[in-house]
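The next block holds one structure in the form of structure tokens; read it before the comments.
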Amino acid sequence: MRPIRALLPASLVLAALALAGCSGTSTTIAPEPTAVFVPDADPAPEGSVTLRPGTVDGRYFDVRVSARGIEDLFGAAFRIAFDTDEIYFAGYDASGSVLAEEGVTVVCEVDSTSEPGIVKVGISRLQNDEGTVPGVDVTEDADLLVIRLLAASDAAGARIDFVADYCELTDSSQPPPGNSIPATWAGGSVTVE
Amino acid sequence: MGRGRTLLLRTLLASSLAAAGPALGATWWVSPDGDDASGTGSESAPFRTVAHAAAAAASGDTVRVLPGAYFECVDASAKALAVLADAIEEDSNDRARTILDGTGICGGSTCEDRLGLACYGDGEEQCAGTCIATVCSTTQTTYCTEDADCPEGETCTGTASTGICSNDGAAGCAVDECVIPEDETVGACRDHPDVECTENANCADLGCDFGACVRIGGLCGGAGGAWCAADGDCAEGTACEPFPSVPVIALGSGSSIEGFTVRGGGSSGVRLEGSGAIVNNWIAANRAGSGSGGGIAILPAASPAPVRCFADSALACEADSDCVVCRDDPTVRCRDLRDCHDAGLEGPCAVLGPCLEVTEATVSDNSVLDNAADAGKGGGIHALAATGPGTGTRLVSRGNTVSGNAAAGDGGGLAIESSGAGWIAIEIDGNTVEENAGFEGGGLAISVDDGGGGGSAFVRVSDGTFGGNEADASGGGLSVDLAAGAAARLALTGSQVRANAAGGDGGGARLAVAGGAGSALEALGNSLSANEAMGSGGALDLDLGLGLAATGDAGSLAVEGNEIVGNGAGVGGGGLRAIARSAPGAPAAAVLLSGNEVRGNVAGSHGGGFELRAVSDAPAGIAASFLRNLVADNAAEDEEAGAATGGALFVFLGGTDGTLSLDADFSTLASNRSDVGAAGVEIESDTSAPAAARVAIRNSVLSENVGTAIGGPLPFEAGKVMNGTGRDLEVRVAWNDVYTDGWEDFERTIADETIVEDGNVFGDPVLLPGFTLDLCSAALDAADPARDFSGEPQPNGLRANAGHLGGTNGATPTPPDVDRDGEVDGRDLVRLATAFASSAARTPARYDPAADIDGNGVVDGDDVAYVAAFFGFSCP
């Protein structure tokens with residue numbers, strides 16, 4: 001139940017294997033399979049939170065939870081679902097979150113174990129005692145956080161979706177709990193090539 | 001008076017009697033090599049017998065006995081002597097080398113096939129073992145297995161004709177011999193005819209197999225004659241004259257005995273008259289004849305005792321005021337704490353009085369085994385005290401092993417009796433009392449009766465083990481009866497009571513106090529298991545009776561912190577029965593049943609876990625609290641009639657005056673069952689005006705009991721006790737989690753007539769294997785909102801849980817579900833973040849109480865941490 005605060009591991013460097021036989025013959029090594037994430041909404045519409053492709057490292061692939069065209073974004077709560085026969089959760093990184101703009105303290109919790117196949121996320125700016133910390137105005141694509149996943153070698157068109165009824169954006173208005181910001185939520189699919 | 005008397009009680013039962021130390025007079029030596037005629041009793045010219053040394057000694061002298069066997073009866077009852085076995089100076093455990101043996105001389109028992117060899121118990125095995133018959137080369141009577149067992153310069157080479165059975169070191173035996181018929185080369189062992197032999201060595205290691213252990217009959221023709229068990233053992237015309245039954249050693253007031261094996265007594269092994277100490281002896285195979293005290297008998301002194309402060313016998317006095325002194329320096333008298341401070345002392349002003357003639361006897365660190373009182377009380381130990389006005393007796397039994405003793409009367413292991421209007425303090429501390437049998441009190445029986453004279457009695461049984469004892473009547477392990485009009489206080493603390501059996505009430509223990517104001521009966525921190533009572537109170541049967549009192553101090557019955565598991569009663573109270581009774585004019589009585597774990601007990605009629613009876617005929621009434629008890633898996637089962645009721649708790653409230661109240665609070669009653677009626681709490685009452693009965697069941701969990709959760713007697717049922725006239729029974733059931741899973745929550749008679757409900761929930765408490773609440777329990781935060789929850793670990797939901805752990809640091813925390821949607825997820829985190837740093841005091845406009853999880857008035861990092869700890873949690 002405890003959230004995993006793991007940061008993304010450093011990018012893996014794949015060692016290229018090369019063999020030179022004395023007889024002069026060569027051996028061909030099949031290339032590592034690569035995960036390819038395809039978002040449903042491309043480009044992302046205004047007023048949306050979508051999953052975007054990020055860094056790929058073989059079957060490891062990053063999915064960026066990205067907002068676009070949202071005003072006064074203070075916090076977000078959402079859940080992402082996938083088939084655990086095809087997709088595995090491998091970590092997350094909130095260090096580059098747009099919510100941390102201007103050095104505002106951000107709190108982030110991620111749970112991937114209480115319900116297999118569901119990643120529960122809460123990420124938000126922290127208010128100050130005067131209640132004057134504003135939300136962030138997001139115009140172009142900006143990441144809330146990055147989730148790293150691992151695709152099974154036979155993953156073909158595996159879906160990664162936001163779970164309806166559990167996705168919510170909140171603005172900075174006071175008094176708490178603030179106002180909900182309407183948004184479109186869109187996921188995507190992944191294939192291993 | 002209450003506080004002063006409390007201080008006195010603690011002091012009474014905490015101070016210890018120093019064993020009578022070495023006397024200040026002469027020392028008289030005794031040795032197996034000594035000579036009564038030519039010896040002088042000096043170390044170089046010792047006497048041969050202990051009796052001769054005792055006769056030569058004066059009060060205050062020491063009789064020092066070297067290792068060996070001494071076959072004699074010693075009467076030193078007119079003197080105050082210190083009788084010391086020299087062997088224990090080197091090794092305090094070496095009690096087997098100095099033997100006082102009265103077999104055939106003072107009475108006692110012998111092996112039937114080898115008359116004259118001491119034994120104890122009734123089975124043939126008491127006369128079996130390997131015969132160790134090697135003795136030290138010079139002393140010849142010191143048994144040994146190697147040279148190191150012998151005095152310096154001697155070797156373990158001699159062979160005695162008699163030896164010691166190896167199985168216990170106390171029973172005697174004879175070395176077997178090979179008997180070869182004339183003209184034969186192969187014979188058979190004399191005592192084992194089935195064993196062939198060619199020499200004595202072939203028979204040497206065979207057992208001491210001499211049949212049953214029997215009471216010695218006497219001597220043919222009287223003194224000087226051969227052993228006999230009956231007339232038929234003697235020559236024709238010669239009668240088997242009975243032995244005089246006397247103690248092996250009789251001591252006077254002020255005496256002590258230490259380091260001996262004492263066996264073969266016909267009228268006790270050791271008898272002490274008055275004050276003294278019996279320390280570190282092995283006392284076995286003695287009989288009490290027609291009296292009491294098979295192993296040890298303690299009797300009142302014939303002459304007046306020294307006048308001392310009762311709680312500290314080292315303190316002389318002339319008046320009660322001489323006994324009110326500063327605790328840190330008893331030479332400083334005081335009236336209150338300030339007097340002590342003025343004298344430069346920190347401690348309190350202690351009441352160590354009153355000033356009385358004090359008799360004080362201590363029995364400590366002895367092994368008291370297989371003795372018997374065939375016609376009396378106290379198979380192992382019997383102490384008799386007679387206290388009149390102006391006198392007091394203190395009796396201490398500490399660190400003894402009392403096992404395998406039997407009495408026809410009370411107290412198979414130990415029996416203590418006291419009568420009279422004086423003061424009596426009895427301390428039974430750290431004893432192991434096992435496998436004894438008696439009438440009342442298979443292991444221990446204590447009876448104190450002031451005869452209505454207004455005496456004071458204080459009894460504490462602490463840190464003992466009572467196991468496998470049997471009583472024909474009540475109190476399988478122990479039975480204590482105090483009747484003292486001024487003050488009677490009885491406590492059983494820190495003891496293990498297991499596998500005892502009673503033909504009456506109290507399979508483990510029966511404790512009864514009948515007294516006046518301030519009387520108290522306590523059972524604290526004990527473990528009681530696998531005890532059986534044919535009557536009531538499988539583990540414990542407690543009875544507090546309060547009579548007319550001149551002052552108003554309340555009487556109390558407290559059962560706290562006990563573990564009561566797997567006991568059985570034929571009638572009521574499979575785990576325990578507690579009775580409180582107030583006679584007309586009695587003070588108020590308070591009953592507290594708190595913090596007990598009562599599991600897996602069975603009663604044949606009512607109250608599988610508890611039976612509580614309160615009967616008041618006094619205006620002051622009786623108030624009972626049932627607090628923080630775990631009562632689970634108990635049963636009221638009547639296999640024949642199928643009419644048992646009250647699986648967890650059976651309550652009876654009755655009487656003619658006063659209010660009888662039961663407040664059941666913060667308890668867990670789970671998985672109990674009954675044949676009929678309530679498997680949780682069965683309430684019955686019989687009161688007549690102006691008496692009234694009030695029952696409140698609050699903040700508790702009643703879960704999955706097989707039967708209704710709360711109920712009362714069915715109407716029009718013959719033999720059942722109904723409510724009294726008018727509405728004098730009120731039952732209030734509030735802020736509980738009642739989960740009956742298919743049964744009625746409240747039985748109709750209770751529900752229709754008297755019940756008042758408020759704030760109960762009826763969801764599944766989801767009890768975990770240790771009867772704690774699951775995080776999804778309906779009992780979380782279900783207690784009365786006004787009750788203190790601060791003791792619960794954070795996050796506590798700002799409200800106490802129901803059940804026995806509610807409000808304590810053992811309570812289950814409450815998942816911090818800020819938005820109350822049943823999950824701890826991102827929405828809770830965001831809501832908390834928007835209210836972060838708000839304060840109820842400084843920024844009330846933006847303060848969100850729901851986000852202030854720990855209720856400290858600020859939404860801060862601790863609240864974030866609680867959400868983080870539970871993030872992702874949800875209930876199914």
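Ordering of the structure tokens sets the chain letters (A, B, ...); residue numbers start at 1 within each chain; ligands are numbered from 1 in the order shown.
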- Message: I need the alpha helix (DSSP H) residues of stretch 190-344 of chain B per DSSP on the backbone, written as a VMD selection string.
- Response: chain B and resid 337 to 342
Give me a file of those residues, with N, CA, C and O atoms, as a PDB file, in the first residue's frame.
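Contents of result.pdb, as written:
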```pdb
ATOM      1  N   LEU B 337       4.260  14.163  56.642  1.00  0.00           N
ATOM      2  CA  LEU B 337       5.458  14.245  55.815  1.00  0.00           C
ATOM      3  C   LEU B 337       6.352  15.403  56.227  1.00  0.00           C
ATOM      4  O   LEU B 337       7.583  15.321  56.158  1.00  0.00           O
ATOM      5  N   ARG B 338       5.751  16.472  56.678  1.00  0.00           N
ATOM      6  CA  ARG B 338       6.564  17.652  57.005  1.00  0.00           C
ATOM      7  C   ARG B 338       7.534  17.343  58.153  1.00  0.00           C
ATOM      8  O   ARG B 338       8.664  17.833  58.174  1.00  0.00           O
ATOM      9  N   ASP B 339       7.101  16.538  59.098  1.00  0.00           N
ATOM     10  CA  ASP B 339       8.002  16.185  60.196  1.00  0.00           C
ATOM     11  C   ASP B 339       9.234  15.469  59.655  1.00  0.00           C
ATOM     12  O   ASP B 339      10.344  15.641  60.168  1.00  0.00           O
ATOM     13  N   CYS B 340       9.054  14.653  58.646  1.00  0.00           N
ATOM     14  CA  CYS B 340      10.200  13.938  58.058  1.00  0.00           C
ATOM     15  C   CYS B 340      11.095  14.895  57.301  1.00  0.00           C
ATOM     16  O   CYS B 340      12.320  14.839  57.399  1.00  0.00           O
ATOM     17  N   HIS B 341      10.511  15.794  56.554  1.00  0.00           N
ATOM     18  CA  HIS B 341      11.309  16.790  55.839  1.00  0.00           C
ATOM     19  C   HIS B 341      12.085  17.652  56.806  1.00  0.00           C
ATOM     20  O   HIS B 341      13.254  17.985  56.576  1.00  0.00           O
ATOM     21  N   ASP B 342      11.451  18.013  57.903  1.00  0.00           N
ATOM     22  CA  ASP B 342      12.138  18.843  58.902  1.00  0.00           C
ATOM     23  C   ASP B 342      13.348  18.121  59.471  1.00  0.00           C
ATOM     24  O   ASP B 342      14.313  18.757  59.916  1.00  0.00           O
TER      25      ASP B 342
END
```
- Task: Hey, list the chain A side of the contact with chain B: 9 Å cut-off, only C-alpha atoms, answer as a ChimeraX atom specification.
- Result: /A:1-3,74-79,106-115,119-131,166-178
- Item | Which of stretch 41-172 of chain A fall in strand (DSSP E or B), as a PyMOL selection string | chain A and resi 48-57+60-68+70-73+75-82+87-93+106-111+118-125+136-138+142-151+158-162+168-170
Taking C-alpha atoms for each residue, export the selection above as a PDB file, in the first residue's frame.
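Wrote again.pdb, looks like this:
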```pdb
ATOM      1  CA  SER A  48      -6.879  18.192 -21.491  1.00  0.00           C
ATOM      2  CA  VAL A  49      -4.710  15.811 -19.552  1.00  0.00           C
ATOM      3  CA  THR A  50      -3.309  13.159 -21.828  1.00  0.00           C
ATOM      4  CA  LEU A  51      -0.680  10.465 -21.830  1.00  0.00           C
ATOM      5  CA  ARG A  52       2.224  11.330 -24.105  1.00  0.00           C
ATOM      6  CA  PRO A  53       5.167   9.196 -25.143  1.00  0.00           C
ATOM      7  CA  GLY A  54       8.420   9.771 -23.339  1.00  0.00           C
ATOM      8  CA  THR A  55      11.835   8.163 -23.273  1.00  0.00           C
ATOM      9  CA  VAL A  56      12.089   4.601 -24.531  1.00  0.00           C
ATOM     10  CA  ASP A  57      14.704   2.102 -23.518  1.00  0.00           C
ATOM     11  CA  TYR A  60      10.929   0.161 -20.824  1.00  0.00           C
ATOM     12  CA  PHE A  61       9.017   3.241 -21.817  1.00  0.00           C
ATOM     13  CA  ASP A  62       8.037   6.453 -20.153  1.00  0.00           C
ATOM     14  CA  VAL A  63       4.548   7.845 -20.285  1.00  0.00           C
ATOM     15  CA  ARG A  64       4.242  11.553 -19.570  1.00  0.00           C
ATOM     16  CA  VAL A  65       1.075  12.695 -17.854  1.00  0.00           C
ATOM     17  CA  SER A  66       0.779  15.986 -19.622  1.00  0.00           C
ATOM     18  CA  ALA A  67      -1.615  18.896 -19.282  1.00  0.00           C
ATOM     19  CA  ARG A  68      -2.461  21.375 -22.007  1.00  0.00           C
ATOM     20  CA  ILE A  70      -5.404  24.439 -18.195  1.00  0.00           C
ATOM     21  CA  GLU A  71      -5.584  27.588 -16.115  1.00  0.00           C
ATOM     22  CA  ASP A  72      -4.786  27.854 -12.416  1.00  0.00           C
ATOM     23  CA  LEU A  73      -3.873  24.204 -12.064  1.00  0.00           C
ATOM     24  CA  GLY A  75      -3.450  19.805  -7.968  1.00  0.00           C
ATOM     25  CA  ALA A  76      -4.422  16.640  -9.778  1.00  0.00           C
ATOM     26  CA  ALA A  77      -5.762  13.268  -8.689  1.00  0.00           C
ATOM     27  CA  PHE A  78      -6.066  10.451 -11.178  1.00  0.00           C
ATOM     28  CA  ARG A  79      -5.747   6.734 -11.755  1.00  0.00           C
ATOM     29  CA  ILE A  80      -4.200   4.910 -14.678  1.00  0.00           C
ATOM     30  CA  ALA A  81      -5.188   1.361 -15.539  1.00  0.00           C
ATOM     31  CA  PHE A  82      -3.560  -1.337 -17.639  1.00  0.00           C
ATOM     32  CA  ILE A  87       2.248  -3.891 -18.711  1.00  0.00           C
ATOM     33  CA  TYR A  88       4.227  -3.583 -15.466  1.00  0.00           C
ATOM     34  CA  PHE A  89       4.722  -0.498 -13.329  1.00  0.00           C
ATOM     35  CA  ALA A  90       8.418   0.375 -12.968  1.00  0.00           C
ATOM     36  CA  GLY A  91       8.478   3.764 -11.217  1.00  0.00           C
ATOM     37  CA  TYR A  92       7.751   7.430 -11.547  1.00  0.00           C
ATOM     38  CA  ASP A  93       9.466  10.797 -11.531  1.00  0.00           C
ATOM     39  CA  VAL A 106       4.925  19.904  -4.473  1.00  0.00           C
ATOM     40  CA  VAL A 107       3.606  16.826  -2.726  1.00  0.00           C
ATOM     41  CA  CYS A 108       3.198  13.646  -4.716  1.00  0.00           C
ATOM     42  CA  GLU A 109       2.006  10.177  -3.738  1.00  0.00           C
ATOM     43  CA  VAL A 110       1.816   7.156  -6.029  1.00  0.00           C
ATOM     44  CA  ASP A 111       0.388   3.753  -5.173  1.00  0.00           C
ATOM     45  CA  ILE A 118      -4.157   0.447 -11.166  1.00  0.00           C
ATOM     46  CA  VAL A 119      -1.729   3.247 -10.410  1.00  0.00           C
ATOM     47  CA  LYS A 120      -3.256   5.829  -8.080  1.00  0.00           C
ATOM     48  CA  VAL A 121      -1.709   9.280  -8.164  1.00  0.00           C
ATOM     49  CA  GLY A 122      -2.115  12.451  -6.209  1.00  0.00           C
ATOM     50  CA  ILE A 123       0.094  15.435  -6.985  1.00  0.00           C
ATOM     51  CA  SER A 124      -0.399  18.989  -5.826  1.00  0.00           C
ATOM     52  CA  ARG A 125       1.194  22.232  -4.891  1.00  0.00           C
ATOM     53  CA  VAL A 136      -0.088  27.087 -12.750  1.00  0.00           C
ATOM     54  CA  ASP A 137      -1.361  28.321 -16.108  1.00  0.00           C
ATOM     55  CA  VAL A 138      -0.510  25.589 -18.581  1.00  0.00           C
ATOM     56  CA  ALA A 142       3.520  20.434 -19.681  1.00  0.00           C
ATOM     57  CA  ASP A 143       4.199  17.336 -17.617  1.00  0.00           C
ATOM     58  CA  LEU A 144       2.607  16.721 -14.259  1.00  0.00           C
ATOM     59  CA  LEU A 145       4.807  13.674 -13.758  1.00  0.00           C
ATOM     60  CA  VAL A 146       6.399  10.820 -15.690  1.00  0.00           C
ATOM     61  CA  ILE A 147       5.521   7.176 -15.174  1.00  0.00           C
ATOM     62  CA  ARG A 148       7.901   4.412 -16.262  1.00  0.00           C
ATOM     63  CA  LEU A 149       6.384   1.162 -17.450  1.00  0.00           C
ATOM     64  CA  LEU A 150       7.685  -2.117 -18.841  1.00  0.00           C
ATOM     65  CA  ALA A 151       5.927  -3.797 -21.719  1.00  0.00           C
ATOM     66  CA  ALA A 158      -2.039  -2.927 -24.861  1.00  0.00           C
ATOM     67  CA  ARG A 159      -4.206  -0.159 -23.505  1.00  0.00           C
ATOM     68  CA  ILE A 160      -3.211   2.386 -20.882  1.00  0.00           C
ATOM     69  CA  ASP A 161      -6.202   4.476 -19.825  1.00  0.00           C
ATOM     70  CA  PHE A 162      -7.281   6.935 -17.204  1.00  0.00           C
ATOM     71  CA  GLU A 168      -9.898  15.389 -11.056  1.00  0.00           C
ATOM     72  CA  LEU A 169      -8.068  18.694 -11.388  1.00  0.00           C
ATOM     73  CA  THR A 170      -8.300  21.326  -8.668  1.00  0.00           C
TER      74      THR A 170
END
```
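Our summary of the geometry notes that atom CA of B:Phe771 is positioned 18.1 Å from atom CA of B:Val681.
With distances taken over only C-alpha atoms, A:Ser189 is the one residue among A:Ser189, A:Thr84, A:Thr139, A:Ser97 lying closest to A:Phe37.
If you look at atom CA of B:Gly254 and atom CA of B:Ile278, they are 10.9 Å away from each other.
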